[in-house]
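Asker: The structure's right below; bear with me while I get my questions together.
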Amino acid sequence: MEELFRYFFILRRRKWLLMGSFVLLAALLGGPAFTAKPIYRAQGQLLFRRAGASKVTDTLSTLRDDDANLNTEAELITSVPIAEKVIVAAGLKSIMPPAALINSLDVRIVRGTSILAVGYRDIDPLRAAQVVNALLAVYIAQDIQSNRAEAQAARIFIEQQLPKVEGEVRKAEQSMRAFQESNRIFNVDGESASAIAMTKGLEQQLAMSQVELSTLETKRLRLQETLGLRGTEGIILTSPSLQQLIGELQQVEQKISLERTRYREDHPAIADLRLKRLSLQTLLREQMGSAALAQVQQRYGSLQLSAAQQSLIQDLASAEIERLSTRERIQSLGDLLILHREKNARLPLLGQQQRELERQLKAAQATYETLLAKLQEVRVAENQTTGNARVVSPAVTPVLPVSPSLFQSLLQAVTLALGGATGITLLVEVADKSLKTIEEVRSLTDYPVLGIIPVLDQTGHRLLGGTAQSPINLGTFVHHVPSSAPSDAFRMLVANLRFLNADRPRQVIMVTSSIAGEGKSTLAANLATALGQMGNRVLLIDGDMRRSRQHKIWGCSNGSGLSHILVKQSNFNAAHHLITANLHLLTAGSPPPNPALLLNSQSLEDLVRELRQRYDSIIIDAPPLTIGADALLLGNLADGTLFTLRPKVSDRSSFGFARQLLEQNHQEVLGLVINGVSVKDDAHFGYYYYVNEYYQKQAIAPNPSE
């Protein structure tokens with residue numbers, strides 16, 4: 001809040017700059033609103049949708065997506081090639097460049113839809129509508145042409161790729177067929193399951209045959225022992241006819257074992273082989289029986305064999321045949337089992353190879369089928385006469401202008417002018433290095449502020465809201481208008497000086513400033529008057545021999561003054577003036593060639609020592625500190641220095657330099673008196689409003705004779 005008040009006082013202090021800048025900027029910004037031509041805006045709308053060609057080109061990544069980014073479409077509409085075609089279509093080639101048309105276009109997306117609103121501004125309403133409709137027609141024609149060109153490019157690409165893909169399909173088929181033929185396998189997964197089952201079956205058959213062979217061996221041995229035969233097998237096997245039958249029987253057994261790996265037991269091929277095996281076994285049994293009978297008869301002579309012996313011999317022949325058959329079957333089953341196990345070991349690798357070939361074949365077939373389908377779609381799209389966009393709403397000739405709005409233009413001009421004027425005012429405030437407020441002064445020094453003197457009215461007719469009967473010299477303000485708020489400010493300064501150090505009152509006080517124009521002479525005159533009104537015997541000395549002011553303020557002669565006393569051309573009694581009973585004035589006298597030489601003399605020290613005995617207070621009006629050594633020399637004779645500072649006149653550099661001079665010369669600064677403060681520009685003068693209102697109500701009139 002305090003910061004806002006500070007800006008408020010800055011703007012009020014520079015109100016004329018603020019008002020002037022505002023008026024100038026408002027005139028510059030608002031003037032064109034009265035002379036500007038009306039501008040009309042025509043608008044049309046485009047709806048974007050998905051077309052058939054887009055499905056093809058989306059797959060092949062050669063055409064754009066029809067659910068395209070509408071921002072991209074907006075950029076295409078406002079492109080230079082489109083603008084050039086619109087200018088030709090609208091017959092504006094001789095009067096409008098493409099850049100001007102683009103600058104007058106505005107394209108926006110209708111929120112939540114796939115619609116683009118295309119607008120154009122022009123001073124001619126007919127031309128505005130004409131340009132928008134031409135733009136919509138040109139864009140749709142180009143969109144159709146673009147779709148057809150893209151579909152044509154896609155067709156050419158597909159037609160080039162089809163023979164290659166077809167060759168890949170054929171190659172994959174040949175590889176699959178060669179694999180199946182070389183490995184005699186069509187379905188690895190099925191073959192694997194069948195091979196496992198067959199291996200188990202062979203293992204079971206082998207185990208059963210081995211058990212059967214063991215049984216037959218036992219039976220044969222028992223029959224041989226019963227008949228008393230030894231080595232019967234060797235005798236029988238030496239017969240050529242038996243060898244042939246046994247060979248044929250072995251071949252049949254092998255074929256049966258092999259066919260069982262291919263077919264079921266009820267298959268005709270297996271049935272035929274079983275019948276053949278049965279006939280061979282019968283024949284072999286008969287021949288072996290005859291051979292065994294002959295062997296027994298040979299052993300026992302020509303004895304007649306009994307029926308029991310003949311039956312045992314037949315049983316022995318049958319057992320031998322079955323044993324031989326079983327042994328051959330075991331051999332065949334063992335060989336087949338080895339083959340199947342080797343085949344089972346190779347099946348995983350074969351399965352991997354087959355799956356790889358199947359994947360290659362399927363991929364090639366899928367690509368080929370896709371290309372064939374897309375080729376048909378592209379051929380359809382190539383003959384289409386529609387695009388991805390259509391006109392939802394064509395432009396109509398506008399009736400009312402959209403700009404300029406006089407009210408909005410003036411409001412905008414006033415707003416910008418106010419902002420610009422405020423900115424200019426604040427920039428000037430920042431660039432101004434002068435001290436403008438009490439806060440700025442306090443931020444630069446730790447000197448106490450003993451008094452704040454408001455601006456005294458230059459004519460005397462208005463005194464902070466009060467009235468006066470005649471013009472008043474500002475230096476004698478307290479003398480002529482003692483009952484006023486400004487006079488109270490000087491009396492408050494006197495009170496602050498008294499209470500500054502009550503144990504050691506300052507009898508001789510020098511009043512100075514950093515530069516000229518800060519009102520130190522006026523301040524010194526009114527301070528001396530205020531001291532006199534409070535019962536003190538006061539002497540006011542004009543120590544500014546370069547630019548003396550006190551004789552003009554009080555309307556006295558300057559024929560004899562301080563300079564004359566110091567050069568022994570006059571004495572104090574003859575030179576000083578009686579202003580009131582308690583206030584005496586010693587003017588500066590004639591300007592000497594070297595004021596600093598006189599002020600540094602012993603005569604001045606003696607004079608001040610003598611005057612201390614005659615007066616309660618001595619006020620010395622000294623020159624500014626930055627124009628010479630005069631003020632520093634006078635300060636050596638004073639008990640303290642009262643530093644005067646005037647806002648808007650004093651600047652930071654001069655104030656800092658003056659302060660440095662005082663500190664280097666070890667002069668005591670009693671405090672600051674801020675002179676000429678504007679009541680309206682500073683927030684510290686609520687008190688003065690209050691006091692001034694009091695004096696107005698009391699109707700206390702000035703006392704010129706006092």
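We label chains A, B, ... in the order they appear in the structure tokens, count residues from 1 in each chain, and number ligands from 1 in the order shown.
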Just want the 8 Å neighbourhood of stretch 593-602 of chain A, counted on only C-alpha atoms, with same-chain residues fewer than 4 positions away dropped. Output as a PDB file with all heavy atoms, in the first residue's frame.
Answerer:
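Saved file selection-v6.pdb follows:
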```
ATOM      1  N   MET A 545      28.524  37.368   0.789  1.00  0.00           N
ATOM      2  CA  MET A 545      29.016  38.592   0.159  1.00  0.00           C
ATOM      3  C   MET A 545      29.054  38.484  -1.361  1.00  0.00           C
ATOM      4  O   MET A 545      29.260  39.497  -2.033  1.00  0.00           O
ATOM      5  CB  MET A 545      30.429  38.894   0.679  1.00  0.00           C
ATOM      6  CG  MET A 545      30.480  39.193   2.166  1.00  0.00           C
ATOM      7  SD  MET A 545      32.145  39.615   2.700  1.00  0.00           S
ATOM      8  CE  MET A 545      31.876  39.811   4.472  1.00  0.00           C
ATOM      9  N   ARG A 546      28.877  37.313  -1.892  1.00  0.00           N
ATOM     10  CA  ARG A 546      28.874  37.157  -3.344  1.00  0.00           C
ATOM     11  C   ARG A 546      27.492  37.475  -3.932  1.00  0.00           C
ATOM     12  O   ARG A 546      27.383  38.018  -5.030  1.00  0.00           O
ATOM     13  CB  ARG A 546      29.269  35.728  -3.712  1.00  0.00           C
ATOM     14  CG  ARG A 546      30.642  35.317  -3.192  1.00  0.00           C
ATOM     15  CD  ARG A 546      30.915  33.844  -3.465  1.00  0.00           C
ATOM     16  NE  ARG A 546      32.143  33.394  -2.842  1.00  0.00           N
ATOM     17  CZ  ARG A 546      33.353  33.438  -3.422  1.00  0.00           C
ATOM     18  NH1 ARG A 546      33.453  33.918  -4.642  1.00  0.00           N
ATOM     19  NH2 ARG A 546      34.427  33.013  -2.774  1.00  0.00           N
ATOM     20  N   SER A 563      30.995  43.667   5.287  1.00  0.00           N
ATOM     21  CA  SER A 563      32.281  43.892   4.617  1.00  0.00           C
ATOM     22  C   SER A 563      32.914  45.207   5.053  1.00  0.00           C
ATOM     23  O   SER A 563      34.146  45.293   5.199  1.00  0.00           O
ATOM     24  CB  SER A 563      32.083  43.857   3.096  1.00  0.00           C
ATOM     25  OG  SER A 563      31.202  44.885   2.684  1.00  0.00           O
ATOM     26  N   LEU A 566      34.488  44.765   8.527  1.00  0.00           N
ATOM     27  CA  LEU A 566      35.720  43.984   8.550  1.00  0.00           C
ATOM     28  C   LEU A 566      36.906  44.757   7.997  1.00  0.00           C
ATOM     29  O   LEU A 566      38.061  44.473   8.367  1.00  0.00           O
ATOM     30  CB  LEU A 566      35.521  42.682   7.754  1.00  0.00           C
ATOM     31  CG  LEU A 566      34.475  41.696   8.318  1.00  0.00           C
ATOM     32  CD1 LEU A 566      34.365  40.462   7.443  1.00  0.00           C
ATOM     33  CD2 LEU A 566      34.830  41.291   9.745  1.00  0.00           C
ATOM     34  N   VAL A 567      36.666  45.738   7.130  1.00  0.00           N
ATOM     35  CA  VAL A 567      37.783  46.544   6.590  1.00  0.00           C
ATOM     36  C   VAL A 567      37.906  47.875   7.329  1.00  0.00           C
ATOM     37  O   VAL A 567      38.601  48.790   6.868  1.00  0.00           O
ATOM     38  CB  VAL A 567      37.603  46.772   5.077  1.00  0.00           C
ATOM     39  CG1 VAL A 567      37.653  45.456   4.335  1.00  0.00           C
ATOM     40  CG2 VAL A 567      36.312  47.517   4.777  1.00  0.00           C
ATOM     41  N   ASP A 606      36.708  38.483  16.091  1.00  0.00           N
ATOM     42  CA  ASP A 606      36.493  39.453  17.171  1.00  0.00           C
ATOM     43  C   ASP A 606      35.065  39.974  17.153  1.00  0.00           C
ATOM     44  O   ASP A 606      34.433  40.144  18.211  1.00  0.00           O
ATOM     45  CB  ASP A 606      37.477  40.607  17.029  1.00  0.00           C
ATOM     46  CG  ASP A 606      38.930  40.152  17.208  1.00  0.00           C
ATOM     47  OD1 ASP A 606      39.110  39.073  17.818  1.00  0.00           O
ATOM     48  OD2 ASP A 606      39.837  40.845  16.708  1.00  0.00           O
ATOM     49  N   ALA A 629      34.753  28.597  -0.408  1.00  0.00           N
ATOM     50  CA  ALA A 629      35.095  28.248   0.974  1.00  0.00           C
ATOM     51  C   ALA A 629      34.398  29.140   1.989  1.00  0.00           C
ATOM     52  O   ALA A 629      34.627  28.983   3.196  1.00  0.00           O
ATOM     53  CB  ALA A 629      36.608  28.322   1.163  1.00  0.00           C
ATOM     54  N   ASP A 630      33.547  30.074   1.544  1.00  0.00           N
ATOM     55  CA  ASP A 630      32.930  31.042   2.448  1.00  0.00           C
ATOM     56  C   ASP A 630      32.132  30.355   3.555  1.00  0.00           C
ATOM     57  O   ASP A 630      32.262  30.683   4.741  1.00  0.00           O
ATOM     58  CB  ASP A 630      32.008  31.980   1.665  1.00  0.00           C
ATOM     59  CG  ASP A 630      32.760  32.742   0.584  1.00  0.00           C
ATOM     60  OD1 ASP A 630      33.937  32.404   0.348  1.00  0.00           O
ATOM     61  OD2 ASP A 630      32.177  33.656  -0.020  1.00  0.00           O
ATOM     62  N   LEU A 633      34.303  28.680   6.203  1.00  0.00           N
ATOM     63  CA  LEU A 633      34.955  29.640   7.099  1.00  0.00           C
ATOM     64  C   LEU A 633      33.964  30.187   8.119  1.00  0.00           C
ATOM     65  O   LEU A 633      34.293  30.325   9.307  1.00  0.00           O
ATOM     66  CB  LEU A 633      35.552  30.784   6.273  1.00  0.00           C
ATOM     67  CG  LEU A 633      36.710  30.380   5.332  1.00  0.00           C
ATOM     68  CD1 LEU A 633      37.096  31.543   4.432  1.00  0.00           C
ATOM     69  CD2 LEU A 633      37.909  29.912   6.139  1.00  0.00           C
ATOM     70  N   LEU A 634      32.735  30.488   7.679  1.00  0.00           N
ATOM     71  CA  LEU A 634      31.711  30.966   8.611  1.00  0.00           C
ATOM     72  C   LEU A 634      31.311  29.863   9.585  1.00  0.00           C
ATOM     73  O   LEU A 634      30.996  30.129  10.746  1.00  0.00           O
ATOM     74  CB  LEU A 634      30.485  31.447   7.829  1.00  0.00           C
ATOM     75  CG  LEU A 634      30.682  32.753   7.038  1.00  0.00           C
ATOM     76  CD1 LEU A 634      29.485  33.010   6.125  1.00  0.00           C
ATOM     77  CD2 LEU A 634      30.884  33.938   7.983  1.00  0.00           C
TER      78      LEU A 634
END
```
Asker: Could you give me the residues within stretch 584-636 of chain A that DSSP places in helix (DSSP H, G or I), as number ranges by chain?
Answerer: A: 595-599, 602-614, 625-627, 630-635
Asker: Show which residues sit within 12 Å of A:Leu101, as an NGL selection string. Count only C-alpha atoms, and ignore same-chain residues fewer than 3 positions away.
Answerer: :A and (77-88 or 90 or 92-93 or 95-98 or 104-106 or 119-122 or 127-128 or 131-132 or 135)
Asker: Neighbours of A:Leu497 within 8 Å (only C-alpha atoms; same-chain residues fewer than 4 positions away dropped), as a PDB file with all heavy atoms, in the first residue's frame?
Answerer:
```pdb
ATOM      1  N   LEU A 450      15.062  18.479  11.266  1.00  0.00           N
ATOM      2  CA  LEU A 450      14.585  19.366  12.335  1.00  0.00           C
ATOM      3  C   LEU A 450      13.357  20.160  11.922  1.00  0.00           C
ATOM      4  O   LEU A 450      12.610  20.634  12.790  1.00  0.00           O
ATOM      5  CB  LEU A 450      15.709  20.324  12.749  1.00  0.00           C
ATOM      6  CG  LEU A 450      16.980  19.648  13.281  1.00  0.00           C
ATOM      7  CD1 LEU A 450      18.017  20.710  13.627  1.00  0.00           C
ATOM      8  CD2 LEU A 450      16.676  18.798  14.493  1.00  0.00           C
ATOM      9  N   LEU A 493      10.556  24.396  14.102  1.00  0.00           N
ATOM     10  CA  LEU A 493      11.992  24.320  13.882  1.00  0.00           C
ATOM     11  C   LEU A 493      12.751  24.921  15.059  1.00  0.00           C
ATOM     12  O   LEU A 493      13.753  24.361  15.523  1.00  0.00           O
ATOM     13  CB  LEU A 493      12.343  25.036  12.573  1.00  0.00           C
ATOM     14  CG  LEU A 493      13.831  25.203  12.272  1.00  0.00           C
ATOM     15  CD1 LEU A 493      14.527  23.848  12.185  1.00  0.00           C
ATOM     16  CD2 LEU A 493      14.024  25.985  10.960  1.00  0.00           C
ATOM     17  N   ASN A 501      19.847  19.989  22.130  1.00  0.00           N
ATOM     18  CA  ASN A 501      20.816  19.786  23.218  1.00  0.00           C
ATOM     19  C   ASN A 501      20.562  20.873  24.245  1.00  0.00           C
ATOM     20  O   ASN A 501      21.143  21.972  24.185  1.00  0.00           O
ATOM     21  CB  ASN A 501      22.245  19.839  22.691  1.00  0.00           C
ATOM     22  CG  ASN A 501      23.226  19.294  23.709  1.00  0.00           C
ATOM     23  OD1 ASN A 501      22.952  19.280  24.907  1.00  0.00           O
ATOM     24  ND2 ASN A 501      24.375  18.852  23.221  1.00  0.00           N
ATOM     25  N   ARG A 506      22.748  26.241  21.209  1.00  0.00           N
ATOM     26  CA  ARG A 506      23.533  26.800  20.104  1.00  0.00           C
ATOM     27  C   ARG A 506      23.172  28.260  19.946  1.00  0.00           C
ATOM     28  O   ARG A 506      22.044  28.592  19.570  1.00  0.00           O
ATOM     29  CB  ARG A 506      23.243  26.047  18.809  1.00  0.00           C
ATOM     30  CG  ARG A 506      24.111  24.805  18.567  1.00  0.00           C
ATOM     31  CD  ARG A 506      23.937  23.758  19.594  1.00  0.00           C
ATOM     32  NE  ARG A 506      24.618  22.505  19.202  1.00  0.00           N
ATOM     33  CZ  ARG A 506      24.608  21.413  19.893  1.00  0.00           C
ATOM     34  NH1 ARG A 506      23.953  21.380  21.059  1.00  0.00           N
ATOM     35  NH2 ARG A 506      25.249  20.336  19.487  1.00  0.00           N
ATOM     36  N   LEU A 670      23.712  20.417  12.768  1.00  0.00           N
ATOM     37  CA  LEU A 670      22.625  20.237  13.725  1.00  0.00           C
ATOM     38  C   LEU A 670      21.510  19.379  13.139  1.00  0.00           C
ATOM     39  O   LEU A 670      20.880  18.599  13.849  1.00  0.00           O
ATOM     40  CB  LEU A 670      22.078  21.601  14.140  1.00  0.00           C
ATOM     41  CG  LEU A 670      23.109  22.554  14.759  1.00  0.00           C
ATOM     42  CD1 LEU A 670      22.461  23.896  15.079  1.00  0.00           C
ATOM     43  CD2 LEU A 670      23.715  21.954  16.009  1.00  0.00           C
TER      44      LEU A 670
END
```
Asker: Show me, as an NGL selection string, the residues that have an atom within 9 Å of A:Ala575 when counting only C-alpha atoms, minus same-chain residues fewer than 2 positions from it.
Answerer: :A and (558-562 or 564-565 or 570-573 or 577 or 585-587 or 589)
Asker: Pick out the residues sitting within 12 Å of A:Leu17, and hand them over as a ChimeraX atom specification; count only C-alpha atoms, and ignore anything fewer than 6 positions along from it in its own chain.
Answerer: /A:10-11,23-25,418,420-429
Asker: Check stretch 515-564 of chain A with DSSP on the backbone and list each residue it calls strand (DSSP E or B), as a list of chain:residue names.
Answerer: A:Val538, A:Leu539, A:Leu540, A:Ile541, A:Asp542
Asker: For the residues in that selection, give me N, CA and C atoms as a PDB file, in the first residue's frame.
Answerer:
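The result, stored in selection-v7.pdb:
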```
ATOM      1  N   VAL A 538      17.741  38.626  18.755  1.00  0.00           N
ATOM      2  CA  VAL A 538      18.253  37.893  17.604  1.00  0.00           C
ATOM      3  C   VAL A 538      18.942  38.852  16.641  1.00  0.00           C
ATOM      4  N   LEU A 539      20.098  38.429  16.140  1.00  0.00           N
ATOM      5  CA  LEU A 539      20.817  39.165  15.102  1.00  0.00           C
ATOM      6  C   LEU A 539      20.897  38.260  13.868  1.00  0.00           C
ATOM      7  N   LEU A 540      20.468  38.773  12.733  1.00  0.00           N
ATOM      8  CA  LEU A 540      20.538  38.066  11.452  1.00  0.00           C
ATOM      9  C   LEU A 540      21.671  38.677  10.648  1.00  0.00           C
ATOM     10  N   ILE A 541      22.710  37.891  10.343  1.00  0.00           N
ATOM     11  CA  ILE A 541      23.881  38.367   9.597  1.00  0.00           C
ATOM     12  C   ILE A 541      23.832  37.776   8.196  1.00  0.00           C
ATOM     13  N   ASP A 542      23.937  38.626   7.195  1.00  0.00           N
ATOM     14  CA  ASP A 542      24.014  38.177   5.802  1.00  0.00           C
ATOM     15  C   ASP A 542      25.487  37.933   5.480  1.00  0.00           C
TER      16      ASP A 542
END
```
Asker: Give me, as a ChimeraX atom specification, all polymer residues having an atom no more than 9 Å from A:Thr226, counting only C-alpha atoms and skipping those fewer than 4 positions away in the same chain.
Answerer: /A:221-222,312
Asker: Looking at A:Phe179, A:Phe490, A:Tyr447, A:Phe407, which one is nearest to A:Met534, with distances taken over only C-alpha atoms?
Answerer: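 Smallest distance to A:Met534 is found for A:Phe490.
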Asker: Which is closest to A:Pro38 among A:Val399, A:Glu439, A:Ala178, A:Leu642, if we use only C-alpha atoms?
Answerer: A:Val399
Asker: Calculated over only C-alpha atoms, which of the candidates A:Ala516, A:Leu76, A:Ala36, A:Leu410 has the smallest distance to A:Ser650?
Answerer: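 Going through A:Ala516, A:Leu76, A:Ala36, A:Leu410 one by one, the smallest distance to A:Ser650 is for A:Ala516.
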Asker: Just how far from atom CA of A:Leu662 is atom CA of A:Leu645, in Å to one decimal?
Answerer: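 Taking atom CA of A:Leu645 as the start and atom CA of A:Leu662 as the end point, the length is 14.6 Å.
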Asker: From the options A:Ala622, A:Leu400, A:Ala525, A:Ile453, which residue's atoms come nearest to A:Ser487, counting only C-alpha atoms?
Answerer: A:Ile453
Asker: Give me, please, the distance in Å between atom CA of A:Pro623 and atom CA of A:Asp503, quoted to one decimal.
Answerer: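 For atom CA of A:Pro623 relative to atom CA of A:Asp503, the distance reads 29.3 Å.
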Asker: Of the candidates A:Leu500, A:Leu661, A:Ile158, A:Ala117, which one gets nearest to A:Tyr368 if we count only C-alpha atoms?
Answerer: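 Closest to A:Tyr368 of all the choices is A:Ile158.
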